[in-house]
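As stored in run.csv (CSV, C-alpha atoms and all ligand atoms):
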chain,number,residue,atom,x,y,z
Q,4,MET,CA,-105.2,168.9,151.2
Q,5,ASN,CA,-101.6,170.0,150.7
Q,6,SER,CA,-99.5,167.0,151.7
Q,7,LYS,CA,-96.1,168.7,150.7
Q,8,LYS,CA,-93.9,168.7,153.8
Q,9,HIS,CA,-92.3,171.9,154.8
Q,10,PRO,CA,-88.5,171.8,154.7
Q,11,ILE,CA,-86.7,171.4,158.0
Q,12,VAL,CA,-84.1,174.0,158.9
Q,13,ILE,CA,-81.4,173.2,161.5
Q,14,ALA,CA,-79.9,176.5,162.7
Q,15,ILE,CA,-76.3,176.4,164.0
Q,16,ASP,CA,-75.1,179.8,165.4
Q,17,GLY,CA,-72.1,180.6,167.5
Q,18,THR,CA,-68.9,182.5,167.9
Q,19,SER,CA,-66.0,182.5,165.4
Q,20,ALA,CA,-64.0,179.2,165.3
Q,21,SER,CA,-66.5,177.4,167.6
Q,22,GLY,CA,-66.6,174.6,165.1
Q,23,LYS,CA,-69.8,175.7,163.3
Q,24,SER,CA,-68.6,174.8,159.7
Q,25,THR,CA,-67.1,171.5,160.5
Q,26,ASN,CA,-70.1,170.3,162.6
Q,27,ALA,CA,-72.7,171.7,160.3
Q,28,LYS,CA,-71.2,169.8,157.4
Q,29,LEU,CA,-71.0,166.6,159.4
Q,30,VAL,CA,-74.6,166.9,160.5
Q,31,ALA,CA,-75.8,167.8,156.9
Q,32,LYS,CA,-73.9,164.8,155.5
Q,33,ALA,CA,-75.3,162.4,158.2
Q,34,LEU,CA,-78.9,163.6,157.5
Q,35,GLY,CA,-78.6,164.1,153.8
Q,36,TYR,CA,-79.5,167.8,154.1
Q,37,VAL,CA,-78.2,170.8,152.2
Q,38,TYR,CA,-75.4,172.8,153.9
Q,39,VAL,CA,-75.5,176.6,153.9
Q,40,ASP,CA,-72.6,178.7,155.1
Q,41,THR,CA,-74.1,182.2,155.5
Q,42,GLY,CA,-70.7,183.6,156.6
Q,43,ALA,CA,-69.6,182.8,153.0
Q,44,MET,CA,-72.4,184.9,151.7
Q,45,TYR,CA,-71.3,187.9,153.8
Q,46,ARG,CA,-67.8,187.3,152.7
Q,47,THR,CA,-68.8,187.3,149.1
Q,48,LEU,CA,-70.3,190.7,149.5
Q,49,ALA,CA,-67.2,191.9,151.3
Q,50,TRP,CA,-65.0,190.6,148.4
Q,51,HIS,CA,-67.3,192.3,145.9
Q,52,CYS,CA,-66.8,195.6,147.8
Q,53,VAL,CA,-63.1,195.2,147.7
Q,54,GLN,CA,-63.3,194.5,143.9
Q,55,LYS,CA,-65.5,197.5,143.3
Q,56,LYS,CA,-63.3,199.6,145.6
Q,57,VAL,CA,-66.1,200.4,148.0
Q,58,ASP,CA,-65.0,201.4,151.4
Q,59,ALA,CA,-66.0,198.8,154.0
Q,60,THR,CA,-66.9,201.5,156.5
Q,61,ASN,CA,-69.2,203.4,154.1
Q,62,ASP,CA,-72.6,201.9,155.1
Q,63,LYS,CA,-74.5,203.8,152.4
Q,64,ALA,CA,-72.2,202.8,149.5
Q,65,ILE,CA,-72.3,199.1,150.7
Q,66,ALA,CA,-76.1,199.0,150.9
Q,67,ALA,CA,-76.3,200.6,147.4
Q,68,LEU,CA,-73.9,198.0,146.0
Q,69,CYS,CA,-75.8,195.2,147.6
Q,70,ARG,CA,-79.1,196.5,146.1
Q,71,LYS,CA,-77.7,196.2,142.6
Q,72,TRP,CA,-75.3,193.3,142.4
Q,73,LYS,CA,-76.2,190.4,140.1
Q,74,THR,CA,-76.4,187.2,142.1
Q,75,THR,CA,-77.7,183.7,141.8
Q,76,LEU,CA,-78.1,180.9,144.3
Q,77,GLU,CA,-76.9,177.5,143.2
Q,78,CYS,CA,-76.9,174.1,144.9
Q,79,VAL,CA,-73.9,172.0,144.0
Q,80,GLU,CA,-72.6,168.6,145.1
Q,81,LYS,CA,-69.2,168.8,146.7
Q,82,ASN,CA,-67.4,165.9,148.5
Q,83,HIS,CA,-70.7,164.0,148.9
Q,84,LEU,CA,-72.4,167.0,150.4
Q,85,ARG,CA,-75.0,169.3,148.7
Q,86,VAL,CA,-73.9,172.9,149.3
Q,87,VAL,CA,-75.5,176.3,148.4
Q,88,HIS,CA,-73.3,178.9,146.7
Q,89,LEU,CA,-74.0,182.6,146.2
Q,90,LEU,CA,-72.6,183.6,142.8
Q,91,VAL,CA,-71.9,187.1,141.7
Q,92,ASP,CA,-72.1,187.7,137.9
Q,93,GLY,CA,-72.1,183.9,137.6
Q,94,TYR,CA,-68.9,183.4,139.7
Q,95,PHE,CA,-68.4,181.9,143.1
Q,96,PRO,CA,-65.2,183.4,144.7
Q,97,GLU,CA,-64.4,180.3,146.8
Q,98,LYS,CA,-60.7,181.2,147.4
Q,99,GLU,CA,-61.0,185.0,147.4
Q,100,ILE,CA,-63.5,185.1,150.3
Q,101,ARG,CA,-60.9,183.5,152.6
Q,102,THR,CA,-58.2,186.1,152.1
Q,103,PRO,CA,-57.1,188.4,155.0
Q,104,GLU,CA,-58.3,191.4,152.9
Q,105,THR,CA,-61.9,190.0,152.7
Q,106,ALA,CA,-61.8,188.9,156.3
Q,107,ALA,CA,-60.8,192.4,157.4
Q,108,ALA,CA,-63.8,193.9,155.6
Q,109,VAL,CA,-66.5,191.3,156.4
Q,110,SER,CA,-67.7,192.2,159.9
Q,111,HIS,CA,-68.1,195.9,158.8
Q,112,VAL,CA,-70.2,194.8,155.8
Q,113,ALA,CA,-72.2,192.4,158.0
Q,114,ALA,CA,-73.2,195.2,160.3
Q,115,VAL,CA,-75.0,197.3,157.6
Q,116,PRO,CA,-78.8,197.1,158.2
Q,117,GLY,CA,-79.6,197.0,154.4
Q,118,VAL,CA,-77.2,194.2,153.9
Q,119,ARG,CA,-78.7,192.1,156.7
Q,120,LYS,CA,-82.2,192.6,155.3
Q,121,TRP,CA,-81.0,191.5,151.8
Q,122,MET,CA,-79.1,188.5,153.2
Q,123,LYS,CA,-82.1,187.3,155.3
Q,124,LEU,CA,-84.3,187.2,152.2
Q,125,LYS,CA,-81.6,185.3,150.2
Q,126,GLN,CA,-81.0,182.9,153.0
Q,127,ARG,CA,-84.7,182.2,153.4
Q,128,GLU,CA,-84.8,181.5,149.6
Q,129,CYS,CA,-82.4,178.5,150.3
Q,130,ILE,CA,-85.3,176.3,151.3
Q,131,GLN,CA,-86.1,175.9,147.6
Q,132,PHE,CA,-83.3,173.3,147.7
Q,133,GLY,CA,-84.8,171.2,150.5
Q,134,ASP,CA,-84.0,170.5,154.2
Q,135,LEU,CA,-81.1,172.6,155.4
Q,136,VAL,CA,-78.4,172.8,157.9
Q,137,MET,CA,-77.6,176.6,158.0
Q,138,GLU,CA,-74.7,178.0,160.0
Q,139,GLY,CA,-74.2,181.7,160.9
Q,140,ARG,CA,-74.7,184.2,163.7
Q,141,ASP,CA,-78.4,185.0,163.5
Q,142,ILE,CA,-80.1,182.0,161.9
Q,143,GLY,CA,-82.0,181.0,165.0
Q,144,THR,CA,-82.7,184.6,166.1
Q,145,ASN,CA,-83.5,186.3,162.8
Q,146,VAL,CA,-83.3,184.3,159.6
Q,147,PHE,CA,-85.4,181.2,160.6
Q,148,PRO,CA,-86.7,182.1,164.1
Q,149,GLU,CA,-89.6,179.7,163.6
Q,150,THR,CA,-87.4,176.6,163.5
Q,151,ASP,CA,-87.5,174.2,166.4
Q,152,TYR,CA,-83.9,173.1,165.7
Q,153,LYS,CA,-81.6,175.8,167.2
Q,154,PHE,CA,-78.1,175.3,168.4
Q,155,TYR,CA,-75.4,177.7,169.7
Q,156,LEU,CA,-71.8,176.5,169.6
Q,157,ASP,CA,-69.1,178.1,171.7
Q,158,ALA,CA,-65.6,177.4,173.1
Q,159,THR,CA,-63.2,179.4,175.2
Q,160,LEU,CA,-61.3,182.2,173.5
Q,161,ALA,CA,-58.0,180.4,174.1
Q,162,GLU,CA,-59.3,177.2,172.4
Q,163,ARG,CA,-60.8,179.0,169.5
Q,164,SER,CA,-57.7,181.1,168.9
Q,165,ALA,CA,-55.6,177.8,169.0
Q,166,ARG,CA,-57.9,176.3,166.4
Q,167,ARG,CA,-57.5,179.3,164.1
Q,168,ALA,CA,-53.7,179.2,164.6
Q,169,ALA,CA,-53.7,175.5,163.8
Q,170,ASP,CA,-55.4,176.4,160.4
Q,171,GLY,CA,-52.6,178.9,159.9
Q,172,VAL,CA,-54.8,181.9,160.5
Q,173,ASN,CA,-53.7,184.6,163.0
Q,174,GLU,CA,-56.8,186.5,163.8
Q,175,ASN,CA,-58.0,188.8,166.6
Q,176,LEU,CA,-61.1,186.7,167.5
Q,177,ALA,CA,-62.0,188.8,170.6
Q,178,ALA,CA,-62.3,191.9,168.4
Q,179,ARG,CA,-64.4,190.1,165.8
Q,180,ASP,CA,-66.7,188.5,168.5
Q,181,GLN,CA,-67.2,192.0,169.9
Q,182,ARG,CA,-68.1,193.5,166.5
Q,183,ASP,CA,-70.5,190.6,165.8
Q,184,SER,CA,-72.2,190.7,169.2
Q,185,GLN,CA,-72.4,194.5,169.6
Q,186,ARG,CA,-73.8,195.5,166.2
Q,187,ALA,CA,-77.3,197.2,166.3
Q,188,VAL,CA,-79.0,194.8,163.8
Q,189,ALA,CA,-79.2,191.0,164.4
Q,190,PRO,CA,-76.2,190.7,166.7
Q,191,LEU,CA,-74.7,187.4,167.6
Q,192,MET,CA,-76.7,186.1,170.6
Q,193,ILE,CA,-78.2,182.8,171.9
Q,194,ALA,CA,-81.7,182.3,170.4
Q,195,LEU,CA,-84.5,181.6,172.7
Q,196,GLY,CA,-84.8,177.8,173.1
Q,197,ALA,CA,-81.4,177.1,171.6
Q,198,LYS,CA,-79.3,174.2,172.9
Q,199,VAL,CA,-75.9,175.7,173.9
Q,200,ILE,CA,-72.9,173.4,173.4
Q,201,ASN,CA,-69.5,174.5,174.7
Q,202,ASN,CA,-67.2,172.2,172.8
Q,203,SER,CA,-63.8,173.5,174.2
Q,204,ALA,CA,-62.9,170.0,175.3
Q,205,MET,CA,-64.7,168.0,172.6
Q,206,THR,CA,-63.7,166.7,169.2
Q,207,SER,CA,-65.8,167.5,166.2
Q,208,GLU,CA,-66.9,163.8,166.2
Q,209,GLN,CA,-68.2,164.2,169.7
Q,210,THR,CA,-69.8,167.6,169.0
Q,211,SER,CA,-71.6,166.4,165.8
Q,212,ARG,CA,-72.7,163.2,167.6
Q,213,LEU,CA,-74.3,165.3,170.3
Q,214,LEU,CA,-75.9,167.6,167.8
Q,215,LEU,CA,-77.4,164.6,165.9
Q,216,GLU,CA,-78.7,163.1,169.2
Q,217,GLU,CA,-80.4,166.4,170.0
Q,218,ILE,CA,-81.9,166.7,166.5
Q,219,HIS,CA,-83.3,163.2,166.6
Q,220,LYS,CA,-84.9,163.9,170.0
Q,221,LEU,CA,-86.7,166.9,168.4
Q,222,MET,CA,-87.8,165.1,165.3
Q,223,PRO,CA,-91.4,163.8,165.3
Q,224,ALA,CA,-91.5,160.0,165.4
Q,225,LYS,CA,-92.1,158.4,162.0
Q,226,LYS,CA,-95.4,156.6,161.7
Q,301,LIG,O1,-68.5,182.5,159.8
Q,301,LIG,P1,-67.6,183.5,159.1
Q,301,LIG,O2,-66.3,183.8,159.8
Q,301,LIG,O3,-67.3,183.1,157.7
Q,301,LIG,O4,-68.4,184.9,159.1
Q,301,LIG,C1,-67.9,186.0,158.4
Q,301,LIG,C2,-68.4,187.3,159.1
Q,301,LIG,O5,-69.8,187.4,158.7
Q,301,LIG,C3,-68.3,187.3,160.6
Q,301,LIG,O6,-67.8,188.6,161.0
Q,301,LIG,C4,-69.7,187.3,161.1
Q,301,LIG,C5,-70.6,187.6,159.9
Q,301,LIG,N1,-71.8,186.8,159.8
Q,301,LIG,C6,-72.9,187.4,160.3
Q,301,LIG,O7,-72.9,188.5,160.8
Q,301,LIG,N2,-74.1,186.7,160.2
Q,301,LIG,C7,-74.1,185.5,159.7
Q,301,LIG,N3,-75.3,184.8,159.6
Q,301,LIG,C8,-72.9,184.9,159.3
Q,301,LIG,C9,-71.8,185.6,159.3
Could you express the structure from this file as structure tokens?
Ligand code: DC
Amino acid sequence: MNSKKHPIVIAIDGTSASGKSTNAKLVAKALGYVYVDTGAMYRTLAWHCVQKKVDATNDKAIAALCRKWKTTLECVEKNHLRVVHLLVDGYFPEKEIRTPETAAAVSHVAAVPGVRKWMKLKQRECIQFGDLVMEGRDIGTNVFPETDYKFYLDATLAERSARRAADGVNENLAARDQRDSQRAVAPLMIALGAKVINNSAMTSEQTSRLLLEEIHKLMPAKK
């Protein structure tokens, strides 16, 4: 009999600046799970397109680039958290993926069907590293639809814009939400059975505590 336990995946989806990263990291730390930021993977491809001077609105060229780039998945320890990085030619562009240039390209790149297909396979490969907390837009609906642990975070547009501004980022979140939720393939939406948490009036400590309470309720009791 195969007694090897199948890794658990906790899917945290939601709108931009709804606290996904902060809370996914807090939950991963508390449970000792590996943290996966799938937005960073899309951003890495967007950065690669900028580097290779591929037009972010040219779907065919982006899909072709995605088919041939040389990538590796790596699990590294960072601030007492195990984190998955997607490397291109052996390099993880940690700072470069946060520039306004990359941010402007990413939601176009993320809408290309071939890109989403490639990303889904790579993101599913992350279970090689163990139990995961994976954040994104389509984790519960498309990447790991079979998981029982699905969450959707949201907050009012005013609150989310204020959070971005506090981080020194001035971004049109309404436009990005619209592109993320209206694309044809794997749009941002609430997964069937997902627990929705609107954290407009909550601190990250309160949000992560609520997430952990819900996760513990879903976990089978240990014998
Ligand atoms: O979470 P983020 O801001 O780093 O995401 C960057 C972009 O990638 C954003 O426009 C949404 C998109 N994205 C996606 O389409 N699917 C995911 N699973 C993660 C991010």
Closest atom pairs, chain Q residues within 9 Å of ligand LIG 301 (chain Q), only C-alpha atoms and all ligand atoms, as CSV:
residue,atom,partner,partner_atom,distance
Q:Asp16,CA,Q:LIG301,N3,7.7
Q:Gly17,CA,Q:LIG301,O1,8.7
Q:Thr18,CA,Q:LIG301,O1,8.1
Q:Ser19,CA,Q:LIG301,O2,5.8
Q:Ala20,CA,Q:LIG301,O2,7.5
Q:Lys23,CA,Q:LIG301,O1,7.8
Q:Ser24,CA,Q:LIG301,O1,7.7
Q:Asp40,CA,Q:LIG301,O1,7.3
Q:Thr41,CA,Q:LIG301,C8,4.8
Q:Gly42,CA,Q:LIG301,C9,3.5
Q:Ala43,CA,Q:LIG301,O3,5.2
Q:Met44,CA,Q:LIG301,C8,7.6
Q:Tyr45,CA,Q:LIG301,O5,5.1
Q:Arg46,CA,Q:LIG301,C1,5.8
Q:Ile100,CA,Q:LIG301,O3,8.6
Q:Arg101,CA,Q:LIG301,O3,8.2
Q:Ala106,CA,Q:LIG301,C1,7.1
Q:Ala107,CA,Q:LIG301,O6,8.7
Q:Ala108,CA,Q:LIG301,O6,8.6
Q:Val109,CA,Q:LIG301,C2,5.2
Q:Ser110,CA,Q:LIG301,O6,3.8
Q:His111,CA,Q:LIG301,O6,7.6
Q:Val112,CA,Q:LIG301,O5,8.0
Q:Ala113,CA,Q:LIG301,O7,4.9
Q:Ala114,CA,Q:LIG301,O7,6.7
Q:Arg119,CA,Q:LIG301,N2,7.9
Q:Met122,CA,Q:LIG301,N3,8.3
Q:Lys123,CA,Q:LIG301,N3,8.4
Q:Gln126,CA,Q:LIG301,N3,8.9
Q:Met137,CA,Q:LIG301,N3,8.7
Q:Glu138,CA,Q:LIG301,N3,6.8
Q:Gly139,CA,Q:LIG301,N3,3.5
Q:Arg140,CA,Q:LIG301,N3,4.2
Q:Asp141,CA,Q:LIG301,N3,5.0
Q:Ile142,CA,Q:LIG301,N3,6.0
Q:Asn145,CA,Q:LIG301,N3,8.9
Q:Val146,CA,Q:LIG301,N3,8.0
Q:Arg179,CA,Q:LIG301,O6,6.1
Q:Asp180,CA,Q:LIG301,O6,7.6
Q:Arg182,CA,Q:LIG301,O6,7.4
Q:Asp183,CA,Q:LIG301,C4,5.8
Q:Ser184,CA,Q:LIG301,O7,8.7
Q:Arg186,CA,Q:LIG301,O7,8.9
Q:Ala189,CA,Q:LIG301,O7,7.7
Q:Pro190,CA,Q:LIG301,O7,7.1
Q:Leu191,CA,Q:LIG301,O7,7.1
* To do: Please determine the residues with any atom at most 10 Å from (-74.2, 164.5, 151.7) (coordinates as given in the file, with all atoms listed in the file counting) and report them as a ChimeraX atom specification.
  => /Q:28-38,80-86
Just-selected residues, C-alpha atoms written as an mmCIF file, in the coordinates of the input:
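The file below, part10.cif, is the result:
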data_model
loop_
_atom_site.group_PDB
_atom_site.id
_atom_site.type_symbol
_atom_site.label_atom_id
_atom_site.label_comp_id
_atom_site.auth_asym_id
_atom_site.auth_seq_id
_atom_site.Cartn_x
_atom_site.Cartn_y
_atom_site.Cartn_z
ATOM 1 C CA LYS Q 28 -71.200 169.800 157.400
ATOM 2 C CA LEU Q 29 -71.000 166.600 159.400
ATOM 3 C CA VAL Q 30 -74.600 166.900 160.500
ATOM 4 C CA ALA Q 31 -75.800 167.800 156.900
ATOM 5 C CA LYS Q 32 -73.900 164.800 155.500
ATOM 6 C CA ALA Q 33 -75.300 162.400 158.200
ATOM 7 C CA LEU Q 34 -78.900 163.600 157.500
ATOM 8 C CA GLY Q 35 -78.600 164.100 153.800
ATOM 9 C CA TYR Q 36 -79.500 167.800 154.100
ATOM 10 C CA VAL Q 37 -78.200 170.800 152.200
ATOM 11 C CA TYR Q 38 -75.400 172.800 153.900
ATOM 12 C CA GLU Q 80 -72.600 168.600 145.100
ATOM 13 C CA LYS Q 81 -69.200 168.800 146.700
ATOM 14 C CA ASN Q 82 -67.400 165.900 148.500
ATOM 15 C CA HIS Q 83 -70.700 164.000 148.900
ATOM 16 C CA LEU Q 84 -72.400 167.000 150.400
ATOM 17 C CA ARG Q 85 -75.000 169.300 148.700
ATOM 18 C CA VAL Q 86 -73.900 172.900 149.300
#
* **Gap from CA of Val115 (chain Q) to CA of His51 (chain Q) - Å, one decimal** => 14.9 Å
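Of the residues under consideration (Q:Ser203, Q:Thr102, Q:Thr210, Q:Thr144), Q:Thr102 shows the shortest atom-to-atom contact distance to Val172 (chain Q) when counting only C-alpha atoms.
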* Near Leu160 (chain Q), within 8 Å and counting all atoms listed in the file, which residues show up once chain neighbours fewer than 3 positions away are dropped, as a ChimeraX atom specification? -> /Q:163-164,176-177
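Distances here use all atoms listed in the file; by that measure, the residue among Q:Ala168, Q:Asn201, Q:Gly22, Q:Tyr152 closest to His219 (chain Q) is Q:Tyr152.
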* What does the distance from CA of Gln209 (chain Q) to CA of Thr25 (chain Q) come to in Å, to one decimal? ->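 Going from CA of Gln209 (chain Q) over to CA of Thr25 (chain Q), I get 11.8 Å.
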* Measure the distance from CA of Ile65 (chain Q) to CA of Glu104 (chain Q) in Å and round it to one decimal. =>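 Between CA of Ile65 (chain Q) and CA of Glu104 (chain Q) the gap works out to 16.1 Å.
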* To do: May I ask which of the residues Q:Leu76, Q:Gly171, Q:Val57, Q:Ala27 is the closest one to Leu124 (chain Q), counting only C-alpha atoms?
  =>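 Ranking Q:Leu76, Q:Gly171, Q:Val57, Q:Ala27 by distance to Leu124 (chain Q), first place goes to Q:Leu76.
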* Of the residues Q:Cys129, Q:Val91, Q:Ala64, Q:Met205, which is the one nearest to Glu162 (chain Q), using only C-alpha atoms? -> Q:Met205
Write out as a CSV table (one decimal) with C-alpha atoms, keeping the file's coordinate frame which residues come within 12 Å of Lys8 (chain Q) when counting only C-alpha atoms, dropping same-chain ones fewer than 6 positions away.
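For reference, out_19.csv as written:
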chain,number,residue,atom,x,y,z
Q,130,ILE,CA,-85.3,176.3,151.3
Q,133,GLY,CA,-84.8,171.2,150.5
Q,134,ASP,CA,-84.0,170.5,154.2
Export N, CA, C and O atoms of region 40-63 of chain Q from the structure just given, as a CSV table (one decimal), in the first residue's frame?
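Result saved to selection.csv:
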chain,number,residue,atom,x,y,z
Q,40,ASP,N,4.3,32.4,-4.9
Q,40,ASP,CA,3.7,33.6,-5.4
Q,40,ASP,C,3.6,33.5,-6.9
Q,40,ASP,O,4.6,33.7,-7.6
Q,41,THR,N,2.4,33.1,-7.4
Q,41,THR,CA,2.3,32.8,-8.8
Q,41,THR,C,2.3,34.1,-9.6
Q,41,THR,O,2.7,34.1,-10.8
Q,42,GLY,N,2.0,35.2,-9.0
Q,42,GLY,CA,2.1,36.5,-9.7
Q,42,GLY,C,3.5,36.8,-10.1
Q,42,GLY,O,3.8,37.3,-11.1
Q,43,ALA,N,4.4,36.4,-9.2
Q,43,ALA,CA,5.9,36.6,-9.5
Q,43,ALA,C,6.3,35.8,-10.7
Q,43,ALA,O,7.2,36.3,-11.4
Q,44,MET,N,5.6,34.7,-10.9
Q,44,MET,CA,6.0,33.9,-12.1
Q,44,MET,C,5.5,34.6,-13.4
Q,44,MET,O,6.3,34.6,-14.4
Q,45,TYR,N,4.3,35.1,-13.3
Q,45,TYR,CA,3.9,35.9,-14.5
Q,45,TYR,C,4.7,37.1,-14.7
Q,45,TYR,O,5.0,37.5,-15.8
Q,46,ARG,N,5.1,37.8,-13.6
Q,46,ARG,CA,5.9,39.0,-13.7
Q,46,ARG,C,7.3,38.6,-14.3
Q,46,ARG,O,7.9,39.4,-15.0
Q,47,THR,N,7.8,37.4,-14.0
Q,47,THR,CA,9.1,37.0,-14.5
Q,47,THR,C,9.0,36.9,-16.0
Q,47,THR,O,10.0,37.3,-16.7
Q,48,LEU,N,7.9,36.3,-16.5
Q,48,LEU,CA,7.8,36.2,-18.0
Q,48,LEU,C,7.6,37.6,-18.6
Q,48,LEU,O,8.2,37.9,-19.6
Q,49,ALA,N,6.9,38.5,-17.9
Q,49,ALA,CA,6.7,39.9,-18.4
Q,49,ALA,C,8.1,40.6,-18.5
Q,49,ALA,O,8.4,41.3,-19.5
Q,50,TRP,N,8.9,40.4,-17.4
Q,50,TRP,CA,10.2,41.0,-17.4
Q,50,TRP,C,11.1,40.4,-18.6
Q,50,TRP,O,11.8,41.2,-19.3
Q,51,HIS,N,11.0,39.1,-18.8
Q,51,HIS,CA,11.7,38.5,-19.8
Q,51,HIS,C,11.3,39.0,-21.2
Q,51,HIS,O,12.2,39.2,-22.1
Q,52,CYS,N,10.0,39.3,-21.4
Q,52,CYS,CA,9.5,39.9,-22.6
Q,52,CYS,C,10.2,41.3,-22.8
Q,52,CYS,O,10.6,41.6,-24.0
Q,53,VAL,N,10.2,42.0,-21.8
Q,53,VAL,CA,10.8,43.4,-21.9
Q,53,VAL,C,12.2,43.3,-22.3
Q,53,VAL,O,12.7,44.0,-23.2
Q,54,GLN,N,13.0,42.4,-21.6
Q,54,GLN,CA,14.4,42.1,-21.9
Q,54,GLN,C,14.6,41.8,-23.3
Q,54,GLN,O,15.5,42.2,-24.0
Q,55,LYS,N,13.7,40.9,-23.8
Q,55,LYS,CA,13.9,40.4,-25.2
Q,55,LYS,C,13.2,41.3,-26.2
Q,55,LYS,O,13.1,40.9,-27.4
Q,56,LYS,N,12.7,42.4,-25.8
Q,56,LYS,CA,12.0,43.4,-26.6
Q,56,LYS,C,10.8,42.8,-27.4
Q,56,LYS,O,10.6,43.0,-28.6
Q,57,VAL,N,10.1,41.9,-26.7
Q,57,VAL,CA,8.9,41.3,-27.2
Q,57,VAL,C,7.7,42.2,-26.8
Q,57,VAL,O,7.5,42.5,-25.6
Q,58,ASP,N,6.9,42.6,-27.7
Q,58,ASP,CA,5.7,43.5,-27.5
Q,58,ASP,C,4.7,42.8,-26.6
Q,58,ASP,O,4.3,41.7,-26.9
Q,59,ALA,N,4.4,43.4,-25.4
Q,59,ALA,CA,3.5,42.8,-24.5
Q,59,ALA,C,2.0,42.5,-25.0
Q,59,ALA,O,1.3,41.8,-24.4
Q,60,THR,N,1.7,43.1,-26.2
Q,60,THR,CA,0.4,42.9,-26.7
Q,60,THR,C,0.4,41.9,-27.9
Q,60,THR,O,-0.6,41.7,-28.5
Q,61,ASN,N,1.6,41.4,-28.2
Q,61,ASN,CA,1.7,40.4,-29.3
Q,61,ASN,C,1.6,39.0,-28.7
Q,61,ASN,O,2.6,38.4,-28.3
Q,62,ASP,N,0.4,38.5,-28.7
Q,62,ASP,CA,0.1,37.2,-28.1
Q,62,ASP,C,1.0,36.0,-28.6
Q,62,ASP,O,1.5,35.2,-27.9
Q,63,LYS,N,1.1,36.0,-30.0
Q,63,LYS,CA,1.9,34.9,-30.6
Q,63,LYS,C,3.3,35.0,-30.2
Q,63,LYS,O,3.9,33.9,-29.9
